[in-house]
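work-v1.txt (compact mmCIF, C-alpha atoms)
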# COMPACT_ATOMS: atom_id res chain seq x y z
CA MET C 1 22.72 -170.53 -47.07
CA GLY C 2 25.91 -172.47 -47.65
CA ARG C 3 28.64 -172.85 -45.10
CA ARG C 4 31.05 -170.64 -46.98
CA ALA C 5 28.47 -167.87 -47.18
CA GLN C 6 27.91 -168.11 -43.44
CA GLN C 7 31.65 -167.96 -42.85
CA ARG C 8 31.84 -164.84 -45.02
CA GLN C 9 29.09 -163.25 -42.96
CA ILE C 10 31.02 -163.92 -39.77
CA LEU C 11 34.17 -162.55 -41.39
CA ALA C 12 32.26 -159.40 -42.37
CA LEU C 13 31.12 -159.07 -38.77
CA LEU C 14 34.71 -159.46 -37.53
CA LEU C 15 35.87 -156.80 -39.99
CA ALA C 16 33.17 -154.44 -38.79
CA ILE C 17 34.20 -155.06 -35.17
CA ALA C 18 37.80 -154.33 -36.11
CA ALA C 19 36.73 -151.15 -37.90
CA LEU C 20 34.98 -150.02 -34.72
CA THR C 21 37.77 -151.14 -32.39
CA LEU C 22 40.47 -149.12 -34.13
CA PRO C 23 39.04 -145.58 -33.62
CA VAL C 24 37.69 -146.31 -30.14
CA ALA C 25 41.04 -147.70 -29.01
CA GLY C 26 42.83 -144.74 -30.56
CA ALA C 27 40.57 -142.26 -28.80
CA VAL C 28 41.08 -143.92 -25.43
CA LEU C 29 44.82 -144.18 -26.01
CA TYR C 30 45.17 -140.49 -26.90
CA HIS C 31 42.98 -139.53 -23.96
CA ASP C 32 45.31 -141.51 -21.72
CA VAL C 33 48.49 -140.02 -23.14
CA PHE C 34 47.51 -136.44 -24.06
CA GLY C 35 44.49 -136.12 -21.80
CA PRO C 36 45.27 -133.07 -19.69
CA ASP C 37 46.62 -131.00 -22.58
CA PRO C 38 45.53 -127.39 -22.10
CA ALA C 39 46.32 -126.48 -25.70
CA GLN C 40 43.61 -128.71 -27.13
CA SER C 41 40.16 -129.53 -25.94
CA ALA C 42 39.52 -133.01 -24.64
CA TRP C 43 37.07 -133.75 -27.44
CA LEU C 44 39.58 -132.81 -30.09
CA VAL C 45 42.14 -135.17 -28.61
CA LEU C 46 39.62 -137.99 -28.81
CA PHE C 47 38.85 -137.29 -32.46
CA MET C 48 42.49 -136.98 -33.43
CA GLY C 49 43.28 -140.23 -31.64
CA ALA C 50 40.49 -142.00 -33.48
CA ALA C 51 41.56 -140.58 -36.85
CA ASN C 52 45.25 -141.32 -36.40
CA GLN C 53 44.73 -144.85 -35.13
CA SER C 54 42.27 -145.67 -37.91
CA ASP C 55 44.58 -144.27 -40.57
CA LEU C 56 44.04 -145.92 -43.94
CA LEU C 57 43.32 -149.30 -42.38
CA GLY C 58 39.97 -148.26 -40.92
CA PRO C 59 38.27 -147.40 -44.22
CA VAL C 60 39.82 -150.49 -45.80
CA LEU C 61 38.25 -152.65 -43.10
CA LEU C 62 34.91 -150.93 -43.60
CA ALA C 63 35.05 -151.44 -47.37
CA GLY C 64 36.01 -155.08 -46.88
CA ALA C 65 33.07 -155.67 -44.55
CA VAL C 66 30.69 -154.03 -47.04
CA GLY C 67 32.09 -156.10 -49.89
CA LEU C 68 31.72 -159.37 -48.03
CA GLY C 69 28.26 -158.44 -46.83
CA VAL C 70 27.00 -157.52 -50.28
CA LEU C 71 28.52 -160.68 -51.69
CA VAL C 72 26.60 -162.81 -49.22
CA VAL C 73 23.35 -160.86 -49.48
CA ARG C 74 23.31 -161.06 -53.27
CA GLY C 75 24.60 -164.59 -53.45
CA GLU C 76 22.29 -166.86 -51.52
CA ARG C 77 19.05 -167.05 -49.64
CA GLY C 78 18.63 -168.82 -46.36
CA ALA C 79 19.27 -168.49 -42.69
CA ASP C 80 21.87 -165.89 -41.81
CA ALA C 81 24.77 -166.82 -39.56
CA VAL C 82 24.76 -163.23 -38.33
CA PRO C 83 21.57 -161.16 -38.14
CA ARG C 84 21.68 -158.75 -41.02
CA SER C 85 20.47 -155.89 -38.87
CA LEU C 86 23.31 -156.50 -36.41
CA LEU C 87 25.89 -156.44 -39.19
CA ALA C 88 24.40 -153.34 -40.76
CA SER C 89 24.10 -151.43 -37.51
CA LEU C 90 27.63 -152.32 -36.44
CA LEU C 91 28.91 -151.20 -39.82
CA VAL C 92 27.01 -147.93 -39.64
CA ILE C 93 28.23 -147.20 -36.11
CA ALA C 94 31.83 -147.92 -37.07
CA ALA C 95 31.54 -145.76 -40.18
CA VAL C 96 29.95 -142.92 -38.20
CA VAL C 97 32.71 -143.00 -35.58
CA GLN C 98 35.46 -143.10 -38.19
CA GLY C 99 33.80 -140.55 -40.44
CA ALA C 100 33.33 -138.11 -37.58
CA ALA C 101 36.94 -138.55 -36.54
CA PHE C 102 38.23 -137.94 -40.06
CA ALA C 103 35.94 -134.96 -40.66
CA VAL C 104 36.81 -133.29 -37.36
CA GLY C 105 40.48 -134.08 -37.87
CA ALA C 106 40.48 -132.53 -41.33
CA PHE C 107 38.67 -129.43 -40.15
CA ASP C 108 40.95 -129.02 -37.16
CA LEU C 109 44.12 -129.54 -39.16
CA ALA C 110 42.95 -127.03 -41.78
CA THR C 111 41.86 -124.27 -39.40
CA SER C 112 43.70 -124.66 -36.11
CA ASP C 113 46.90 -122.84 -35.17
CA VAL C 114 47.78 -125.23 -32.38
CA TYR C 115 50.09 -127.38 -34.45
CA ASP C 116 52.48 -124.54 -35.25
CA ILE C 117 53.20 -125.75 -38.76
CA PRO C 118 55.87 -123.70 -40.57
CA SER C 119 54.57 -121.70 -43.50
CA THR C 120 57.14 -123.01 -45.95
CA GLY C 121 55.95 -124.66 -49.13
CA ALA C 122 56.84 -128.23 -48.20
CA TRP C 123 55.14 -128.09 -44.80
CA THR C 124 52.06 -126.45 -46.23
CA ALA C 125 51.85 -129.13 -48.91
CA ALA C 126 52.20 -131.84 -46.28
CA GLN C 127 49.50 -130.25 -44.14
CA TRP C 128 47.00 -130.00 -46.99
CA SER C 129 47.77 -133.47 -48.28
CA ILE C 130 46.87 -134.88 -44.86
CA VAL C 131 43.71 -132.76 -44.86
CA ALA C 132 42.82 -134.14 -48.29
CA ARG C 133 43.46 -137.69 -47.09
CA PHE C 134 41.19 -137.21 -44.10
CA VAL C 135 38.46 -135.72 -46.31
CA ILE C 136 38.61 -138.61 -48.77
CA GLN C 137 38.50 -141.13 -45.96
CA ALA C 138 35.49 -139.31 -44.47
CA VAL C 139 33.78 -139.59 -47.86
CA VAL C 140 34.51 -143.34 -47.89
CA CYS C 141 32.93 -143.62 -44.45
CA ALA C 142 29.87 -141.67 -45.63
CA THR C 143 29.50 -144.09 -48.54
CA VAL C 144 29.70 -147.04 -46.16
CA ILE C 145 27.02 -145.43 -44.01
CA ALA C 146 24.78 -145.17 -47.07
CA PHE C 147 25.39 -148.83 -47.98
CA GLY C 148 24.75 -149.92 -44.40
CA MET C 149 21.48 -147.99 -44.27
CA ARG C 150 20.33 -149.72 -47.45
CA TRP C 151 20.71 -153.06 -45.70
CA PHE C 152 17.98 -152.00 -43.31
CA ALA C 153 15.56 -151.91 -46.23
CA PRO C 154 13.11 -154.86 -46.22
CA ASP C 155 14.10 -156.23 -49.62
CA ASP C 156 17.73 -155.36 -49.97
CA ARG C 157 18.34 -158.07 -52.54
CA ARG C 158 16.38 -156.05 -55.06
CA ALA C 159 17.69 -152.76 -53.76
CA SER C 160 21.33 -153.76 -54.06
CA SER C 161 21.06 -154.97 -57.61
CA MET R 1 25.25 -219.67 -50.59
CA THR R 2 26.55 -216.36 -49.59
CA VAL R 3 26.63 -213.54 -51.97
CA PRO R 4 29.88 -211.65 -51.85
CA VAL R 5 29.22 -208.13 -50.82
CA ALA R 6 31.33 -205.40 -52.21
CA PRO R 7 32.95 -203.30 -49.54
CA PRO R 8 31.27 -199.95 -49.04
CA PRO R 9 32.89 -197.12 -50.89
CA ALA R 10 35.39 -195.17 -48.90
CA PRO R 11 34.03 -191.91 -47.56
CA PRO R 12 35.06 -188.98 -49.67
CA SER R 13 38.09 -187.33 -48.23
CA SER R 14 39.34 -183.88 -48.98
CA PRO R 15 38.92 -182.99 -52.62
CA ALA R 16 41.75 -184.07 -54.80
CA PRO R 17 43.64 -181.09 -56.12
CA THR R 18 43.52 -180.74 -59.82
CA ASP R 19 45.35 -178.74 -62.41
CA GLU R 20 42.24 -178.38 -64.57
CA THR R 21 41.42 -175.00 -63.14
CA GLU R 22 40.56 -171.85 -64.97
CA PRO R 23 43.52 -169.65 -65.86
CA TRP R 24 42.32 -166.77 -63.72
CA GLN R 25 41.76 -169.11 -60.79
CA GLN R 26 45.39 -170.20 -61.11
CA ARG R 27 46.59 -166.62 -61.24
CA LEU R 28 44.58 -165.67 -58.18
CA GLU R 29 46.01 -168.66 -56.36
CA VAL R 30 49.52 -167.49 -57.20
CA LEU R 31 48.60 -164.09 -55.78
CA ALA R 32 47.23 -165.71 -52.63
CA LEU R 33 50.40 -167.77 -52.27
CA LEU R 34 52.51 -164.62 -52.50
CA LEU R 35 50.32 -162.97 -49.88
CA VAL R 36 50.79 -165.85 -47.47
CA LEU R 37 54.56 -165.80 -48.08
CA SER R 38 54.66 -162.07 -47.43
CA VAL R 39 52.81 -162.58 -44.16
CA VAL R 40 55.35 -165.20 -43.15
CA ALA R 41 58.13 -162.75 -43.99
CA VAL R 42 56.47 -160.02 -41.94
CA LEU R 43 56.07 -162.26 -38.90
CA VAL R 44 59.62 -163.61 -39.08
CA SER R 45 61.15 -160.19 -39.63
CA GLY R 46 59.11 -158.78 -36.76
CA LEU R 47 60.45 -161.39 -34.37
CA VAL R 48 64.02 -161.12 -35.64
CA SER R 49 64.09 -157.33 -35.49
CA ALA R 50 62.52 -157.39 -32.03
CA ASN R 51 65.27 -159.74 -30.90
CA ALA R 52 67.92 -157.47 -32.40
CA GLN R 53 66.48 -154.30 -30.90
CA LEU R 54 66.05 -155.78 -27.45
CA GLY R 55 69.57 -157.22 -27.63
CA SER R 56 71.07 -153.86 -28.53
CA VAL R 57 69.17 -152.14 -25.74
CA ALA R 58 70.31 -154.71 -23.21
CA SER R 59 73.95 -154.60 -24.31
CA ASP R 60 76.35 -152.67 -22.13
CA PRO R 61 78.78 -150.27 -23.87
CA SER R 62 81.53 -151.19 -21.41
CA GLY R 63 81.93 -154.53 -23.14
CA VAL R 64 80.27 -156.68 -20.53
CA GLU R 65 78.44 -159.65 -21.98
CA PRO R 66 74.81 -158.58 -22.32
CA PRO R 67 72.16 -160.69 -20.64
CA ALA R 68 70.19 -162.93 -22.93
CA VAL R 69 66.92 -161.54 -24.19
CA GLY R 70 63.95 -163.47 -22.84
CA ILE R 71 61.65 -165.21 -25.26
CA ASP R 72 58.68 -163.50 -23.62
CA GLU R 73 60.19 -160.11 -24.42
CA VAL R 74 60.75 -161.09 -28.05
CA VAL R 75 57.20 -162.37 -28.40
CA ARG R 76 55.77 -159.29 -26.69
CA VAL R 77 57.53 -156.85 -29.00
CA GLY R 78 57.71 -158.94 -32.15
CA GLY R 79 54.19 -160.29 -31.82
CA ALA R 80 52.86 -156.81 -32.41
CA SER R 81 53.70 -157.36 -36.08
CA ALA R 82 50.81 -159.85 -36.26
CA ASN R 83 48.44 -156.93 -36.44
CA LEU R 84 45.27 -156.19 -38.37
CA ILE R 85 47.18 -155.72 -41.62
CA VAL R 86 48.52 -159.27 -41.38
CA ALA R 87 45.08 -160.63 -40.50
CA GLY R 88 43.60 -158.73 -43.43
CA ALA R 89 46.22 -160.14 -45.78
CA LEU R 90 45.37 -163.67 -44.66
CA LEU R 91 41.68 -162.95 -45.18
CA VAL R 92 42.30 -161.62 -48.68
CA ALA R 93 44.36 -164.72 -49.50
CA LEU R 94 41.49 -166.94 -48.38
CA LEU R 95 38.99 -165.00 -50.46
CA LEU R 96 41.26 -165.09 -53.51
CA VAL R 97 41.28 -168.87 -53.40
CA THR R 98 37.65 -169.51 -52.50
CA LEU R 99 36.06 -166.73 -54.54
CA GLY R 100 37.97 -167.35 -57.74
CA PRO R 101 36.17 -167.63 -61.08
CA GLY R 102 36.62 -171.37 -61.34
CA ASP R 103 34.67 -174.08 -59.54
CA ARG R 104 37.78 -176.06 -58.82
CA ILE R 105 40.63 -175.26 -56.52
CA GLY R 106 43.99 -176.21 -57.96
CA ARG R 107 47.06 -177.67 -56.33
CA ARG R 108 48.39 -174.23 -55.55
CA GLY R 109 45.09 -173.30 -53.95
CA SER R 110 45.22 -176.34 -51.72
CA THR R 111 48.76 -175.41 -50.74
CA VAL R 112 47.58 -171.90 -49.93
CA LEU R 113 44.75 -173.24 -47.79
CA ARG R 114 47.14 -175.50 -45.88
CA GLY R 115 49.50 -172.58 -45.44
CA LEU R 116 46.65 -170.41 -44.24
CA VAL R 117 45.82 -172.92 -41.53
CA GLY R 118 49.37 -172.89 -40.20
CA VAL R 119 50.20 -169.25 -40.68
CA GLY R 120 46.79 -168.16 -39.40
CA LEU R 121 47.18 -170.16 -36.21
CA VAL R 122 50.73 -168.89 -35.68
CA SER R 123 49.65 -165.32 -36.32
CA ALA R 124 46.68 -165.63 -33.97
CA GLY R 125 48.86 -167.16 -31.28
CA LEU R 126 51.52 -164.50 -31.63
CA ALA R 127 48.99 -161.67 -31.49
CA GLY R 128 47.14 -163.18 -28.55
CA ILE R 129 50.25 -163.90 -26.48
CA SER R 130 51.73 -160.52 -27.35
CA SER R 131 48.57 -158.72 -26.24
CA VAL R 132 48.47 -160.60 -22.93
CA LEU R 133 52.16 -159.93 -22.30
CA THR R 134 51.73 -156.27 -23.22
CA VAL R 135 48.86 -155.84 -20.79
CA MET R 136 50.84 -157.49 -18.00
CA TYR R 137 54.17 -155.85 -18.86
CA ASP R 138 55.83 -154.05 -16.02
CA PRO R 139 58.57 -151.68 -17.15
CA ASP R 140 59.66 -150.98 -13.59
CA GLU R 141 63.36 -151.75 -13.49
CA LEU R 142 63.56 -151.46 -9.71
CA SER R 143 61.27 -154.36 -9.03
CA GLY R 144 63.12 -156.52 -11.52
CA ALA R 145 59.90 -158.18 -12.53
CA ARG R 146 58.89 -157.94 -16.15
CA LEU R 147 55.35 -159.12 -15.75
CA SER R 148 52.93 -158.32 -13.01
CA THR R 149 49.25 -157.94 -12.29
CA ASP R 150 49.54 -154.31 -11.24
CA PHE R 151 47.78 -153.27 -14.43
CA VAL R 152 44.48 -153.79 -12.60
CA ALA R 153 45.30 -150.85 -10.38
CA GLU R 154 47.06 -148.60 -12.85
CA GLY R 155 45.83 -147.75 -16.30
CA LEU R 156 43.86 -150.85 -17.18
CA VAL R 157 41.74 -149.03 -19.74
CA GLY R 158 44.78 -147.48 -21.40
CA ARG R 159 46.55 -150.81 -21.69
CA LEU R 160 43.49 -152.58 -22.98
CA SER R 161 42.88 -149.92 -25.61
CA GLY R 162 46.45 -150.37 -26.76
CA VAL R 163 46.08 -154.09 -27.34
CA ALA R 164 42.43 -154.19 -28.47
CA PRO R 165 43.27 -154.07 -32.21
CA LEU R 166 45.77 -156.87 -31.66
CA VAL R 167 43.13 -159.01 -29.97
CA VAL R 168 40.72 -158.46 -32.88
CA ALA R 169 43.53 -159.34 -35.29
CA ALA R 170 44.11 -162.58 -33.39
CA VAL R 171 40.42 -163.46 -33.65
CA ILE R 172 40.32 -162.73 -37.38
CA ALA R 173 43.51 -164.70 -38.08
CA GLY R 174 42.22 -167.65 -36.06
CA TYR R 175 38.88 -167.63 -37.84
CA VAL R 176 40.58 -167.43 -41.23
CA ALA R 177 42.62 -170.50 -40.26
CA TRP R 178 39.42 -172.30 -39.30
CA CYS R 179 37.72 -171.32 -42.58
CA ALA R 180 40.71 -172.57 -44.57
CA PHE R 181 40.71 -175.82 -42.60
CA SER R 182 37.01 -176.39 -43.17
CA THR R 183 37.40 -175.62 -46.89
CA LEU R 184 40.18 -178.20 -47.12
CA GLY R 185 37.94 -180.83 -45.62
CA GLU R 186 34.98 -179.98 -47.80
CA VAL R 187 33.20 -182.99 -49.23
CA PRO R 188 32.46 -182.75 -52.92
CA PRO R 189 28.75 -182.82 -53.70
CA GLU R 190 27.16 -186.00 -54.86
CA VAL R 191 26.45 -186.20 -58.50
CA VAL R 192 22.70 -185.92 -58.94
CA ALA R 193 20.91 -186.30 -62.21
CA PRO R 194 19.14 -183.12 -63.32
CA ASP R 195 15.74 -184.85 -63.36
CA ASP R 196 16.20 -186.53 -60.02
CA PRO R 197 13.17 -185.65 -57.86
CA ASP R 198 15.31 -185.88 -54.73
CA ARG R 199 17.56 -183.15 -56.00
CA ASP R 200 17.55 -180.32 -53.52
CA LEU R 201 18.30 -177.08 -55.23
CA GLY R 202 18.58 -175.12 -52.03
CA THR R 203 21.29 -177.05 -50.27
CA GLU R 204 24.01 -177.37 -52.84
CA PRO R 205 27.18 -176.01 -51.37
CA GLU R 206 28.51 -172.91 -52.96
CA GLY R 207 31.77 -173.19 -54.86
CA ALA R 208 31.31 -176.89 -55.13
CA TRP R 209 33.80 -179.05 -56.84
CA ALA R 210 33.07 -180.02 -60.39
CA PRO R 211 31.04 -183.21 -60.77
CA ALA R 212 32.88 -186.38 -61.50
CA PRO R 213 33.21 -187.29 -65.17
CA ALA R 214 30.63 -189.63 -66.63
CA PRO R 215 31.61 -193.31 -66.50
CA LEU R 216 33.08 -194.78 -69.60
CA GLN R 217 30.65 -196.74 -71.74
How would this structure read if it were set down as structure tokens?
Amino acid sequence: MGRRAQQRQILALLLAIAALTLPVAGAVLYHDVFGPDPAQSAWLVLFMGAANQSDLLGPVLLAGAVGLGVLVVRGERGADAVPRSLLASLLVIAAVVQGAAFAVGAFDLATSDVYDIPSTGAWTAAQWSIVARFVIQAVVCATVIAFGMRWFAPDDRRASS
Amino acid sequence: MTVPVAPPPAPPSSPAPTDETEPWQQRLEVLALLLVLSVVAVLVSGLVSANAQLGSVASDPSGVEPPAVGIDEVVRVGGASANLIVAGALLVALLLVTLGPGDRIGRRGSTVLRGLVGVGLVSAGLAGISSVLTVMYDPDELSGARLSTDFVAEGLVGRLSGVAPLVVAAVIAGYVAWCAFSTLGEVPPEVVAPDDPDRDLGTEPEGAWAPAPAPLQ
């Protein structure tokens, strides 16, 4: 495997680490700030923190890591700079964490009365647009999970083509 | 009688930039150059706006000359602009140059790679220093100290979670700078005849520079 391909593998690993760092840091941050909030359960605060901190950047990082990984896997044979199983598992874990945060966030925002959102048209539209954004981002994370699981297959070169 | 020996050929240095690149490679290099420029603008504007905000906060409405804003304060606040978005932009710029459709990197691409080395290192330094300063920041006005090590006792996890994305951004920006630097110093592959038995098909570097033109007859 060429040097550039190895560098791309390491970059994919760094992107996956960043994609995992964002939601975890957001959850811890929200737990620190809004921890003892009686209006919301502690678990919900964690999920909302992860979803809000990830925002659009989290799925973009996941997609970037998948793109770089597929590029390297399909491009060249040879010794990996990063074990493929490590990259795939890190990617799957990050996508699971983000996907769960987005899914729970969307469900909570759609069903909960805690946020006290006015029932006027503009506010309702804003609420449902955020719900739609969370749902789409959860779907992106689910797709990344599927791609990551395919990397666990023994001959992923054939499987990815 | 001594036979004059020709001096050994000079070792190949960094590949000479060329304009004979594919049109789409040139366009992607322009895009990468714009990305690097936008990152520079983001970093500069982050520092300048941090300086302005801290100066306005420190100014006294009674007309007394405000104290000068410390450079550590400016770096702490303004360095937060060197975040994951900036690191991602630098990474995309690197990929645009090195993953282009052409085998050759043009003059603009070499400029982008040189810029990536500098801007990546600056961005990584800003993010790293800002994260350290943020962790050690002490907002207690009574003590007068801006930085302290009290974070070990109070809210270490909270502070670390706040700066963790910035630390990852610093690592990514630094690694992008290293990748750009190593691409700049890449040695072009030796020209090997297709029927050469020593030709190793498995070790040719990817994205190699185009082989040298055949010698004139």
### Task
For chain C, work out the contacting residues on chain R at 12 Å, counting all atoms listed in the file, and write them as a count of residues only.
55
### Task
Calculate how many Å separate CA of Ala142 in chain C from CA of Ala81 in chain C, rounding to one decimal.
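Here the two named atoms are 26.4 Å from each other.
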### Query
Contacts of Pro101 in chain R at 12 Å or less, counting all atoms listed in the file, minus same-chain residues fewer than 6 places along, as JSON, numbers by chain?
{"R": [21, 22, 23, 24, 25, 26, 27, 28, 29, 95, 207]}
### Query
If you measure from CA of Leu126 in chain R to CA of Gly79 in chain R, what distance in Å do you get, rounded to one decimal?
5.0 Å
### Message
Using Å and a single decimal, report how far CA of Leu47 in chain R sits from CA of Arg76 in chain R.
### Response
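Taking CA of Arg76 in chain R and CA of Leu47 in chain R, their separation equals 9.2 Å.
Counting all atoms listed in the file and comparing C:Cys141, C:Leu71, C:Val114, C:Ala126, the residue that lies closest to Leu44 in chain C is C:Val114.
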